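The next block is query_29.cif, given as mmCIF, C-alpha atoms and all ligand atoms.
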data_protein
#
loop_
_atom_site.label_atom_id
_atom_site.label_comp_id
_atom_site.auth_asym_id
_atom_site.auth_seq_id
_atom_site.Cartn_x
_atom_site.Cartn_y
_atom_site.Cartn_z
CA MET A 1 0.00 0.00 0.00
CA ILE A 2 2.74 2.43 0.97
CA ARG A 3 4.77 1.63 -2.14
CA ILE A 4 1.76 2.29 -4.37
CA SER A 5 0.05 5.21 -2.68
CA GLY A 6 2.58 6.74 -0.30
CA PRO A 7 2.98 7.03 3.48
CA ILE A 8 0.04 6.06 5.71
CA PRO A 9 -0.94 7.64 9.05
CA LEU A 10 -0.51 5.67 12.29
CA PRO A 11 -4.21 4.72 12.66
CA SER A 12 -4.12 2.89 9.30
CA TYR A 13 -0.86 1.18 10.23
CA MET A 14 -2.21 0.07 13.63
CA GLN A 15 -5.50 -1.12 12.16
CA LEU A 16 -3.76 -3.21 9.46
CA CYS A 17 -1.11 -4.65 11.77
CA LEU A 18 -3.60 -5.60 14.48
CA HIS A 19 -6.70 -6.60 12.57
CA ASP A 20 -5.86 -7.65 9.01
CA PRO A 21 -7.90 -10.89 8.72
CA ALA A 22 -4.99 -12.83 7.19
CA GLN A 23 -1.82 -11.26 8.59
CA GLY A 24 -2.99 -9.16 11.52
CA TYR A 25 -1.64 -9.68 15.02
CA TYR A 26 -4.89 -10.68 16.70
CA ALA A 27 -5.75 -13.07 13.87
CA ASN A 28 -2.60 -15.11 14.36
CA ARG A 29 -0.77 -14.64 17.62
CA ASN A 30 -1.38 -16.16 20.99
CA ALA A 31 -1.24 -12.70 22.51
CA ILE A 32 -1.87 -12.99 26.23
CA GLY A 33 -0.36 -15.05 29.04
CA THR A 34 3.00 -16.47 30.04
CA ALA A 35 3.34 -18.21 26.65
CA GLY A 36 2.14 -15.09 24.81
CA ASP A 37 3.42 -11.57 24.24
CA PHE A 38 2.08 -9.78 27.30
CA ILE A 39 0.47 -10.51 30.66
CA THR A 40 -2.55 -8.61 31.88
CA ALA A 41 -3.94 -8.10 35.39
CA PRO A 42 -6.65 -10.79 35.14
CA GLU A 43 -3.94 -13.31 34.16
CA ILE A 44 -1.85 -12.37 37.21
CA SER A 45 -4.53 -13.18 39.74
CA GLN A 46 -8.17 -14.17 40.08
CA MET A 47 -8.50 -11.39 42.68
CA PHE A 48 -8.52 -8.75 39.94
CA GLY A 49 -11.65 -10.08 38.21
CA GLU A 50 -13.31 -10.90 41.52
CA LEU A 51 -13.00 -7.32 42.78
CA ILE A 52 -14.42 -6.08 39.49
CA GLY A 53 -17.27 -8.54 40.05
CA VAL A 54 -17.93 -6.87 43.40
CA TRP A 55 -17.92 -3.50 41.60
CA CYS A 56 -20.48 -4.74 39.04
CA VAL A 57 -22.76 -6.11 41.74
CA SER A 58 -22.56 -2.77 43.60
CA VAL A 59 -23.54 -0.87 40.46
CA TRP A 60 -26.36 -3.31 39.67
CA GLN A 61 -27.74 -2.94 43.18
CA ALA A 62 -27.38 0.85 43.07
CA MET A 63 -29.47 0.78 39.88
CA GLY A 64 -32.21 -1.01 41.83
CA SER A 65 -31.24 -4.56 40.76
CA PRO A 66 -32.97 -4.44 37.35
CA SER A 67 -34.37 -7.85 36.39
CA SER A 68 -32.62 -7.65 33.03
CA PHE A 69 -29.42 -5.80 32.12
CA VAL A 70 -26.45 -6.11 29.77
CA LEU A 71 -23.15 -7.03 31.40
CA ALA A 72 -20.65 -6.23 28.67
CA GLU A 73 -16.90 -6.54 28.40
CA ALA A 74 -14.87 -4.91 25.65
CA GLY A 75 -11.76 -6.83 24.52
CA PRO A 76 -12.16 -9.80 26.88
CA GLY A 77 -8.85 -11.48 25.94
CA LYS A 78 -8.86 -15.04 27.25
CA GLY A 79 -12.16 -14.57 29.10
CA THR A 80 -10.43 -14.77 32.47
CA LEU A 81 -11.68 -11.46 33.87
CA MET A 82 -15.28 -12.32 33.01
CA ALA A 83 -14.97 -15.84 34.46
CA ASP A 84 -13.58 -14.46 37.76
CA LEU A 85 -16.10 -11.62 37.81
CA LEU A 86 -19.01 -14.06 37.39
CA ARG A 87 -17.69 -16.43 40.06
CA ALA A 88 -17.71 -13.54 42.55
CA ALA A 89 -21.10 -12.17 41.46
CA THR A 90 -23.11 -15.36 41.00
CA PRO A 91 -23.91 -15.97 44.69
CA VAL A 92 -25.80 -12.65 44.77
CA PRO A 93 -29.49 -13.55 44.46
CA GLY A 94 -31.02 -12.57 41.11
CA PHE A 95 -27.74 -11.55 39.45
CA ARG A 96 -27.36 -14.57 37.19
CA ASP A 97 -30.93 -14.42 35.87
CA ALA A 98 -30.70 -10.69 35.23
CA ALA A 99 -27.33 -10.52 33.45
CA LYS A 100 -27.04 -10.90 29.68
CA ILE A 101 -23.31 -11.30 29.06
CA ARG A 102 -22.13 -9.64 25.86
CA LEU A 103 -18.49 -9.82 24.82
CA ILE A 104 -17.26 -7.24 22.32
CA GLU A 105 -14.39 -8.91 20.50
CA ALA A 106 -12.81 -8.37 17.09
CA SER A 107 -10.60 -11.47 16.88
CA PRO A 108 -12.04 -14.88 15.92
CA LEU A 109 -9.04 -16.53 17.61
CA MET A 110 -9.82 -14.76 20.90
CA ILE A 111 -13.52 -15.61 20.62
CA GLU A 112 -12.58 -19.30 20.51
CA GLN A 113 -10.53 -18.90 23.71
CA GLN A 114 -13.37 -17.00 25.39
CA LYS A 115 -15.85 -19.72 24.41
CA GLY A 116 -13.57 -22.32 25.94
CA ARG A 117 -13.32 -20.35 29.14
CA LEU A 118 -16.96 -19.33 29.56
CA GLY A 119 -18.72 -22.37 28.11
CA GLY A 120 -20.92 -23.92 30.77
CA CYS A 121 -20.84 -20.87 33.06
CA GLY A 122 -24.63 -20.95 33.24
CA TYR A 123 -25.13 -17.44 31.85
CA ASP A 124 -26.58 -16.21 28.57
CA VAL A 125 -23.28 -15.36 26.80
CA GLN A 126 -23.12 -13.91 23.29
CA TRP A 127 -20.53 -12.13 21.16
CA CYS A 128 -20.59 -9.02 19.01
CA ASN A 129 -17.84 -7.01 17.35
CA SER A 130 -18.81 -3.47 18.31
CA LEU A 131 -21.01 -1.42 20.65
CA ASP A 132 -23.64 -1.42 17.89
CA GLY A 133 -24.21 -5.13 18.45
CA LEU A 134 -25.34 -4.77 22.08
CA PRO A 135 -29.00 -5.35 22.93
CA GLY A 136 -30.99 -2.53 24.56
CA GLY A 137 -31.50 -1.99 28.28
CA PRO A 138 -29.40 -0.86 31.23
CA ILE A 139 -25.73 -1.69 30.87
CA ILE A 140 -22.66 -2.28 32.99
CA LEU A 141 -19.51 -2.41 30.86
CA VAL A 142 -15.97 -3.24 31.89
CA ALA A 143 -12.81 -2.95 29.79
CA ASN A 144 -9.28 -3.79 30.85
CA GLU A 145 -6.45 -3.00 28.41
CA PHE A 146 -8.93 -2.48 25.57
CA LEU A 147 -8.68 1.27 24.89
CA ASP A 148 -4.90 1.01 24.38
CA CYS A 149 -5.36 -1.02 21.17
CA LEU A 150 -7.60 1.54 19.50
CA PRO A 151 -5.65 3.44 16.84
CA MET A 152 -4.06 6.80 17.64
CA ARG A 153 -2.46 9.66 15.71
CA GLN A 154 0.81 11.38 16.47
CA PHE A 155 1.78 14.97 15.67
CA VAL A 156 5.42 16.03 15.70
CA LYS A 157 6.54 19.60 16.36
CA SER A 158 8.50 20.95 13.42
CA GLY A 159 9.04 24.68 13.72
CA ASP A 160 5.71 26.30 14.49
CA ILE A 161 3.69 23.45 13.05
CA TRP A 162 2.67 20.11 14.56
CA ARG A 163 2.68 17.71 11.60
CA GLU A 164 1.21 14.25 11.47
CA ARG A 165 3.60 11.33 11.79
CA CYS A 166 3.12 8.77 9.02
CA ILE A 167 4.78 5.51 8.09
CA GLY A 168 6.68 5.46 4.81
CA LEU A 169 9.53 3.52 3.19
CA ASP A 170 13.21 4.45 2.97
CA ASP A 171 15.44 3.80 -0.07
CA HIS A 172 15.99 0.20 1.06
CA GLY A 173 12.29 -0.56 1.41
CA LYS A 174 12.39 -0.41 5.21
CA LEU A 175 9.45 1.09 7.16
CA VAL A 176 10.32 4.50 8.61
CA ASN A 177 8.61 7.44 10.28
CA VAL A 178 7.96 10.39 7.99
CA LEU A 179 6.02 13.62 8.39
CA GLY A 180 2.76 13.89 6.48
CA ALA A 181 0.97 16.97 5.22
CA ALA A 182 -1.75 17.09 7.90
CA ALA A 183 -1.18 19.39 10.87
CA LEU A 184 -2.86 19.83 14.26
CA GLU A 185 -4.32 23.23 15.14
CA ALA A 186 -2.64 24.87 18.12
CA THR A 187 -6.02 25.21 19.88
CA ARG A 188 -6.12 21.42 20.24
CA LEU A 189 -2.75 21.25 21.98
CA PRO A 190 -2.26 21.36 25.76
CA ASP A 191 -1.00 24.62 27.28
CA LEU A 192 2.73 25.20 27.14
CA HIS A 193 3.10 23.60 23.71
CA GLU A 194 5.21 26.56 22.65
CA ALA A 195 7.84 25.54 25.20
CA GLU A 196 8.16 22.04 23.69
CA PRO A 197 11.33 21.41 21.63
CA ASP A 198 11.33 20.50 17.95
CA GLY A 199 10.54 16.80 17.58
CA ALA A 200 8.15 16.76 20.56
CA VAL A 201 5.17 14.45 20.05
CA PHE A 202 1.49 14.95 20.85
CA GLU A 203 -0.96 12.09 20.52
CA THR A 204 -4.67 12.12 19.79
CA ALA A 205 -6.97 9.13 19.41
CA PRO A 206 -10.10 10.01 17.44
CA ALA A 207 -11.16 6.34 17.27
CA ARG A 208 -10.91 6.04 21.05
CA GLN A 209 -12.78 9.31 21.57
CA ALA A 210 -15.54 8.17 19.20
CA TRP A 211 -15.82 4.83 21.01
CA ILE A 212 -16.13 6.57 24.39
CA GLU A 213 -18.74 8.98 23.02
CA GLN A 214 -20.79 6.10 21.68
CA LEU A 215 -20.51 4.20 24.96
CA ALA A 216 -21.38 7.24 27.07
CA THR A 217 -24.37 8.12 24.88
CA ARG A 218 -25.65 4.57 25.22
CA ILE A 219 -25.20 4.73 29.00
CA ASN A 220 -27.01 8.06 29.21
CA THR A 221 -30.03 6.90 27.23
CA GLU A 222 -30.50 3.43 28.76
CA GLY A 223 -28.87 3.87 32.15
CA GLY A 224 -25.73 2.25 33.48
CA ALA A 225 -22.03 2.63 34.12
CA ALA A 226 -18.64 1.64 32.72
CA LEU A 227 -15.31 0.85 34.34
CA LEU A 228 -12.24 1.51 32.21
CA ILE A 229 -8.80 0.31 33.26
CA ASP A 230 -5.65 0.87 31.25
CA TYR A 231 -2.13 2.26 31.28
CA GLY A 232 -1.81 5.95 30.73
CA HIS A 233 -1.77 9.40 32.25
CA ALA A 234 -4.43 11.34 34.13
CA ALA A 235 -3.57 14.70 32.52
CA SER A 236 -2.91 15.36 28.82
CA GLY A 237 0.75 15.83 27.98
CA PHE A 238 3.46 15.40 25.39
CA GLY A 239 5.48 12.28 24.58
CA ASP A 240 5.68 9.31 22.24
CA THR A 241 3.90 6.32 23.81
CA PHE A 242 3.55 4.17 20.68
CA GLN A 243 4.78 0.74 21.75
CA ALA A 244 5.10 -2.82 20.53
CA MET A 245 5.25 -5.93 22.72
CA ARG A 246 6.50 -9.32 21.67
CA SER A 247 7.37 -12.28 23.91
CA GLN A 248 7.08 -10.13 27.07
CA LYS A 249 9.54 -7.55 25.74
CA TYR A 250 9.23 -4.13 24.19
CA ALA A 251 9.91 -4.19 20.46
CA GLU A 252 10.17 -1.53 17.76
CA PRO A 253 6.68 -0.76 16.41
CA LEU A 254 7.89 -0.73 12.80
CA THR A 255 10.12 -3.82 12.66
CA GLU A 256 7.62 -6.67 12.71
CA PRO A 257 4.25 -5.52 11.45
CA GLY A 258 1.58 -8.07 12.34
CA ASN A 259 3.81 -10.02 14.75
CA ALA A 260 3.82 -7.67 17.73
CA ASP A 261 1.06 -6.09 19.77
CA LEU A 262 0.82 -2.34 19.06
CA THR A 263 -0.65 0.02 21.63
CA SER A 264 -0.36 3.50 23.08
CA HIS A 265 -0.96 5.02 26.49
CA ILE A 266 -4.37 6.44 27.32
CA ASP A 267 -4.88 10.17 27.81
CA PHE A 268 -7.52 9.83 30.53
CA ALA A 269 -8.26 13.57 30.51
CA ALA A 270 -9.28 13.25 26.85
CA VAL A 271 -11.38 10.16 27.62
CA ALA A 272 -13.12 11.99 30.49
CA GLU A 273 -13.81 14.98 28.28
CA ALA A 274 -15.35 12.86 25.52
CA ALA A 275 -17.72 11.24 28.03
CA GLN A 276 -18.56 14.50 29.79
CA ASN A 277 -19.44 16.13 26.47
CA THR A 278 -22.29 13.63 26.09
CA GLY A 279 -23.68 14.42 29.56
CA SER A 280 -22.22 11.41 31.40
CA VAL A 281 -20.86 11.82 34.91
CA VAL A 282 -17.18 10.90 35.04
CA SER A 283 -15.25 9.83 38.13
CA PRO A 284 -11.81 11.15 38.99
CA THR A 285 -8.98 9.14 37.41
CA ILE A 286 -7.33 7.10 40.16
CA THR A 287 -4.50 4.60 40.08
CA GLN A 288 -5.05 0.86 39.85
CA ALA A 289 -3.49 0.54 43.32
CA GLN A 290 -5.95 3.03 44.81
CA PHE A 291 -8.85 1.30 43.12
CA LEU A 292 -7.93 -2.26 44.09
CA LEU A 293 -7.02 -1.37 47.67
CA ALA A 294 -10.27 0.58 48.11
CA MET A 295 -12.19 -2.38 46.67
CA GLY A 296 -10.66 -4.70 49.29
CA LEU A 297 -7.58 -6.26 47.66
CA MET A 298 -5.83 -6.90 50.99
CA GLU A 299 -8.93 -8.45 52.57
CA ARG A 300 -9.47 -10.66 49.52
CA ALA A 301 -5.81 -11.70 49.53
CA GLY A 302 -6.15 -12.58 53.22
CA SER A 303 -9.21 -14.78 52.75
CA LEU A 304 -7.78 -16.41 49.62
CA GLY A 305 -4.64 -17.29 51.53
CA GLU A 306 -6.43 -18.81 54.52
CA GLY A 307 -5.41 -22.41 55.09
CA LYS A 308 -3.01 -22.38 52.12
CA ASP A 309 0.61 -23.56 52.33
CA ASP A 310 3.61 -21.19 52.32
CA ALA A 311 4.21 -21.42 48.59
CA GLN A 312 0.61 -20.51 47.78
CA GLN A 313 0.67 -17.66 50.32
CA ARG A 314 3.81 -16.33 48.66
CA GLU A 315 2.15 -16.51 45.26
CA ILE A 316 -0.79 -14.45 46.55
CA SER A 317 1.47 -11.75 48.06
CA LEU A 318 3.45 -11.64 44.84
CA ALA A 319 0.23 -11.11 42.89
CA VAL A 320 -0.75 -8.26 45.23
CA GLU A 321 2.66 -6.70 44.59
CA ARG A 322 2.37 -6.99 40.82
CA LEU A 323 -1.14 -5.55 40.74
CA ALA A 324 -0.70 -2.72 43.23
CA SER A 325 2.92 -1.74 43.81
CA PRO A 326 4.11 1.48 42.17
CA GLU A 327 7.05 -0.37 40.56
CA ALA A 328 4.70 -2.81 38.83
CA MET A 329 1.17 -2.01 37.61
CA GLY A 330 -0.09 -0.01 40.60
CA GLU A 331 0.59 3.50 39.35
CA LEU A 332 1.01 3.30 35.59
CA PHE A 333 -2.44 1.75 35.32
CA LYS A 334 -5.37 4.07 35.93
CA VAL A 335 -9.06 3.53 36.56
CA LEU A 336 -11.89 5.75 35.43
CA ALA A 337 -15.64 5.16 35.57
CA LEU A 338 -18.57 6.87 33.93
CA ALA A 339 -22.28 6.64 34.55
CA ASP A 340 -25.52 8.30 33.59
CA PRO A 341 -26.37 11.13 36.01
CA SER A 342 -29.07 9.20 37.86
CA THR A 343 -26.90 6.12 38.44
CA ALA A 344 -23.84 8.24 39.26
CA GLY A 345 -25.83 9.89 42.05
CA LYS A 346 -25.99 6.50 43.77
CA LEU A 347 -22.35 5.57 43.28
CA ALA A 348 -20.78 8.29 45.41
CA GLY A 349 -19.38 5.75 47.86
CA LEU A 350 -17.96 3.38 45.24
CA PRO A 351 -14.41 3.71 43.88
CA PRO A 352 -13.36 5.41 41.64
CA PHE A 353 -16.29 7.78 42.39
CA ALA A 354 -15.64 7.61 46.14
CA PRO A 355 -13.76 10.45 47.86
CA ALA A 356 -10.05 10.46 47.26
CA PRO A 357 -7.74 8.06 49.02
CA SER A 358 -4.95 10.35 50.24
CA THR A 359 -2.52 9.68 47.37
CA ARG A 360 -4.88 10.29 44.44
CA SER A 361 -3.07 10.99 41.19
CA ASN A 362 -3.83 14.09 39.18
N1 LIG B 401 -9.04 -7.54 28.62
C1 LIG B 401 -8.14 -8.65 28.37
C2 LIG B 401 -7.41 -8.57 27.03
C3 LIG B 401 -6.65 -7.34 26.68
S1 LIG B 401 -5.90 -7.47 25.06
C4 LIG B 401 -7.20 -8.81 29.52
O1 LIG B 401 -7.14 -7.93 30.38
O2 LIG B 401 -6.51 -9.84 29.60
C5 LIG B 401 -7.02 -6.61 24.03
C6 LIG B 401 -8.28 -7.35 23.67
O3 LIG B 401 -9.09 -6.48 22.87
C7 LIG B 401 -8.10 -8.61 22.86
O4 LIG B 401 -9.10 -9.54 23.22
C8 LIG B 401 -8.31 -8.10 21.44
O5 LIG B 401 -8.61 -9.13 20.53
C9 LIG B 401 -9.43 -7.13 21.63
N2 LIG B 401 -9.54 -6.06 20.64
C10 LIG B 401 -8.55 -5.28 20.15
N3 LIG B 401 -9.04 -4.35 19.31
C11 LIG B 401 -10.38 -4.53 19.28
C12 LIG B 401 -11.46 -3.87 18.60
N4 LIG B 401 -11.23 -2.84 17.79
N5 LIG B 401 -12.73 -4.32 18.81
C13 LIG B 401 -12.96 -5.38 19.64
N6 LIG B 401 -11.98 -6.03 20.30
C14 LIG B 401 -10.72 -5.63 20.12
#

Would you write out, as structure tokens, the structure that this file holds?
Amino acid sequence: MIRISGPIPLPSYMQLCLHDPAQGYYANRNAIGTAGDFITAPEISQMFGELIGVWCVSVWQAMGSPSSFVLAEAGPGKGTLMADLLRAATPVPGFRDAAKIRLIEASPLMIEQQKGRLGGCGYDVQWCNSLDGLPGGPIILVANEFLDCLPMRQFVKSGDIWRERCIGLDDHGKLVNVLGAAALEATRLPDLHEAEPDGAVFETAPARQAWIEQLATRINTEGGAALLIDYGHAASGFGDTFQAMRSQKYAEPLTEPGNADLTSHIDFAAVAEAAQNTGSVVSPTITQAQFLLAMGLMERAGSLGEGKDDAQQREISLAVERLASPEAMGELFKVLALADPSTAGKLAGLPPFAPAPSTRSN
């Protein structure tokens, strides 16, 4: 494509590398887990999905325990989070009969893994490939490490202009970064952009913004809430966060198209703004550590460890460390929730809506 029609912007490159039906990453690679390219929180410990299950039950009850609602997950990976979530939520009377599980998943390979994991769970489970495929009614949606795979654009400061970064070919046919003709208006840049040096990068993610707007609009009209967890920053800023992961290591995003996972960090301020513009109520952005600790991570770890041998106890403390310590996932990962105004009014005591733990990020 590049040889024939010239350099392509990052969103096209990401979309092709991740989702090409024949050669795309998600069509071919065993992405997640110790044998895959990256490990996610649900794969580290069952406690992660269980605490999210407690969150979903709290929201459902705050909504008045509707007798039918959509429990959706975007980008469910191996289905582990949903399996753990359901195990924690199922004992709550009425929950199983009320919940219609809908998994939003683009990759046929992943759908097979999710079917294997959730087959026989006793719930009505169905798949769709976008928000459009969800049935009507109140909704509770969760998404862990989903927003980071949605395509983003980069703009590079060159003189007074911020020009779009594209992918082109050098004289040897190798993929390289080039600057395209499109530019970003200064009004869309964070303050202090004039102080940034030449070569500074600013990222926008129109596809992510559009997805959030669609989700928030759906939540406003039918009632409900969403919990979004991902790596990123609470305030908009400058910097190149385009990254590739292969076999648990960072790789160069341009060297192995289709063989490495491509993602970028989430600008949570931009996500919050997109949701707020539709009339949704948005929580503060807090860290994964703050969220999990406020949801009872230590208590859950304690009860999970009861009666277990030393090795199993050690494994549980290690999982707590990986999920919540600042050196691991605790601070880089952020949590943000949104809800329709009526539901949000009843979630004031639930993290991340709840009043700030003392070390809230900003
Ligand atoms: N939430 C899981 C998996 C994260 S990986 C976990 O925490 O382990 C990202 C997931 O999103 C994968 O299942 C991938 O196939 C899916 N995905 C990526 N882009 C998507 C898109 N545009 N639409 C639907 N699913 C997508």

Sorted by chain and rising residue number, list the residues of chain A at most 7 Å from ligand LIG 401 (chain B) (counting all atoms listed in the file), each with its closest atom pair and distance in Å to one decimal, as a Markdown table.
| residue | atom | partner | partner_atom | distance |
| --- | --- | --- | --- | --- |
| A:Tyr26 | CA | B:LIG401 | O5 | 5.6 |
| A:Ile32 | CA | B:LIG401 | O2 | 6.5 |
| A:Thr40 | CA | B:LIG401 | O2 | 4.7 |
| A:Ala41 | CA | B:LIG401 | O1 | 5.9 |
| A:Pro42 | CA | B:LIG401 | O1 | 5.6 |
| A:Glu43 | CA | B:LIG401 | O2 | 6.3 |
| A:Ala74 | CA | B:LIG401 | N6 | 6.2 |
| A:Gly75 | CA | B:LIG401 | O3 | 3.2 |
| A:Pro76 | CA | B:LIG401 | N1 | 4.2 |
| A:Gly77 | CA | B:LIG401 | O4 | 3.4 |
| A:Lys78 | CA | B:LIG401 | O2 | 6.2 |
| A:Thr80 | CA | B:LIG401 | O2 | 6.9 |
| A:Leu81 | CA | B:LIG401 | O1 | 6.7 |
| A:Ile104 | CA | B:LIG401 | C13 | 5.4 |
| A:Glu105 | CA | B:LIG401 | N6 | 3.8 |
| A:Ala106 | CA | B:LIG401 | C13 | 3.9 |
| A:Ser107 | CA | B:LIG401 | O5 | 4.8 |
| A:Met110 | CA | B:LIG401 | O4 | 5.8 |
| A:Asn129 | CA | B:LIG401 | C13 | 5.6 |
| A:Ser130 | CA | B:LIG401 | N5 | 6.2 |
| A:Ala143 | CA | B:LIG401 | N1 | 6.1 |
| A:Asn144 | CA | B:LIG401 | N1 | 4.4 |
| A:Glu145 | CA | B:LIG401 | C3 | 4.7 |
| A:Phe146 | CA | B:LIG401 | C5 | 4.8 |
| A:Cys149 | CA | B:LIG401 | N3 | 5.3 |
| A:Leu150 | CA | B:LIG401 | N4 | 5.9 |

### Nearest candidate to Arg218 in chain A (options A:Val70, A:Ile139, A:Val201, A:Ile2; using only C-alpha atoms)
A:Ile139

### Residues within 6 Å of range 225-230 of chain A, only C-alpha atoms, excluding chain neighbours under 5 positions, as a PyMOL selection string
chain A and resi 140-145+333-339

### Residue nearest Ala328 in chain A among A:Ala289, A:Ala31, A:Leu189, A:Met63 (counting all atoms listed in the file)
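When distances to Ala328 in chain A are compared using all atoms listed in the file, the smallest one comes from A:Ala289.
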
### Task
May I ask for the distance between CA of Leu147 in chain A and CA of Lys115 in chain A, given in Å to one decimal place?
22.2 Å

### Task
Tell me which protein, DNA and RNA residues are within 9 Å of Ser65 in chain A, counting only C-alpha atoms, leaving out same-chain ones fewer than 5 positions away, and put them as a ChimeraX atom specification.
/A:57,59-60,94-95,98

Once you have the residues from the selection above, write them out as an mmCIF file, in the coordinates of the input, restricted to C-alpha atoms.
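Done, and the output landed in again.cif:
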data_model
loop_
_atom_site.group_PDB
_atom_site.id
_atom_site.type_symbol
_atom_site.label_atom_id
_atom_site.label_comp_id
_atom_site.auth_asym_id
_atom_site.auth_seq_id
_atom_site.Cartn_x
_atom_site.Cartn_y
_atom_site.Cartn_z
ATOM 1 C CA VAL A 57 -22.760 -6.110 41.740
ATOM 2 C CA VAL A 59 -23.540 -0.870 40.460
ATOM 3 C CA TRP A 60 -26.360 -3.310 39.670
ATOM 4 C CA GLY A 94 -31.020 -12.570 41.110
ATOM 5 C CA PHE A 95 -27.740 -11.550 39.450
ATOM 6 C CA ALA A 98 -30.700 -10.690 35.230
#

### Message
I'd like the interatomic distance between CA of Gly64 in chain A and CA of Cys121 in chain A, to a tenth of an Å.
### Response
24.5 Å

May I have the protein, DNA and RNA residues with an atom at most 10 Å from (-32.2, -0.3, 28.8), counting all atoms listed in the file in the file's coordinates, returned as an mmCIF file with C-alpha atoms, in the coordinates of the input?
data_model
loop_
_atom_site.group_PDB
_atom_site.id
_atom_site.type_symbol
_atom_site.label_atom_id
_atom_site.label_comp_id
_atom_site.auth_asym_id
_atom_site.auth_seq_id
_atom_site.Cartn_x
_atom_site.Cartn_y
_atom_site.Cartn_z
ATOM 1 C CA PRO A 66 -32.970 -4.440 37.350
ATOM 2 C CA SER A 68 -32.620 -7.650 33.030
ATOM 3 C CA PHE A 69 -29.420 -5.800 32.120
ATOM 4 C CA VAL A 70 -26.450 -6.110 29.770
ATOM 5 C CA PRO A 135 -29.000 -5.350 22.930
ATOM 6 C CA GLY A 136 -30.990 -2.530 24.560
ATOM 7 C CA GLY A 137 -31.500 -1.990 28.280
ATOM 8 C CA PRO A 138 -29.400 -0.860 31.230
ATOM 9 C CA ILE A 139 -25.730 -1.690 30.870
ATOM 10 C CA ARG A 218 -25.650 4.570 25.220
ATOM 11 C CA ILE A 219 -25.200 4.730 29.000
ATOM 12 C CA ASN A 220 -27.010 8.060 29.210
ATOM 13 C CA THR A 221 -30.030 6.900 27.230
ATOM 14 C CA GLU A 222 -30.500 3.430 28.760
ATOM 15 C CA GLY A 223 -28.870 3.870 32.150
ATOM 16 C CA GLY A 224 -25.730 2.250 33.480
#

### Query
What is the distance between CA of Gln23 in chain A and CA of Leu262 in chain A, in Å to one decimal?
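So the answer is 14.0 Å.
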
### Message
List as a ChimeraX atom specification the protein and nucleic acid residues near Ile4 in chain A, meaning an atom at most 12 Å away when only C-alpha atoms are counted, but skip any in the same chain fewer than 3 places from it.
### Response
/A:1,7-8,168-169

#### Entry: Top pick for closest residue to Asp148 in chain A, considering A:Phe238, A:Asp191, A:Gly122, A:Leu18 and counting all atoms listed in the file
A:Leu18

### Task
Fewer than 4 positions away in the same chain doesn't count, so skip those; otherwise give me all residues within 12 Å of Ala270 in chain A, counting all atoms listed in the file, as a ChimeraX atom specification.
/A:188-190,203-210,212-213,232-237,265-266,274-277,282,285,336

Dump of C-alpha atoms for the selected residues, as a compact mmCIF listing (two decimals), in the frame of the given file:
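After the write, part.txt holds the following:
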# COMPACT_ATOMS: atom_id res chain seq x y z
CA ARG A 188 -6.12 21.42 20.24
CA LEU A 189 -2.75 21.25 21.98
CA PRO A 190 -2.26 21.36 25.76
CA GLU A 203 -0.96 12.09 20.52
CA THR A 204 -4.67 12.12 19.79
CA ALA A 205 -6.97 9.13 19.41
CA PRO A 206 -10.10 10.01 17.44
CA ALA A 207 -11.16 6.34 17.27
CA ARG A 208 -10.91 6.04 21.05
CA GLN A 209 -12.78 9.31 21.57
CA ALA A 210 -15.54 8.17 19.20
CA ILE A 212 -16.13 6.57 24.39
CA GLU A 213 -18.74 8.98 23.02
CA GLY A 232 -1.81 5.95 30.73
CA HIS A 233 -1.77 9.40 32.25
CA ALA A 234 -4.43 11.34 34.13
CA ALA A 235 -3.57 14.70 32.52
CA SER A 236 -2.91 15.36 28.82
CA GLY A 237 0.75 15.83 27.98
CA HIS A 265 -0.96 5.02 26.49
CA ILE A 266 -4.37 6.44 27.32
CA ALA A 274 -15.35 12.86 25.52
CA ALA A 275 -17.72 11.24 28.03
CA GLN A 276 -18.56 14.50 29.79
CA ASN A 277 -19.44 16.13 26.47
CA VAL A 282 -17.18 10.90 35.04
CA THR A 285 -8.98 9.14 37.41
CA LEU A 336 -11.89 5.75 35.43

### Query
Which one of A:Ser303, A:Gln248, A:Gln312, A:Asn177 sits closest to Met47 in chain A if you count only C-alpha atoms?
A:Ser303

### Task
Find the residues around Gly79 in chain A up to 8 Å (all atoms listed in the file counted), leave out those fewer than 6 positions away in its own chain, and share them as number ranges by chain.
A: 113-115, 117-118
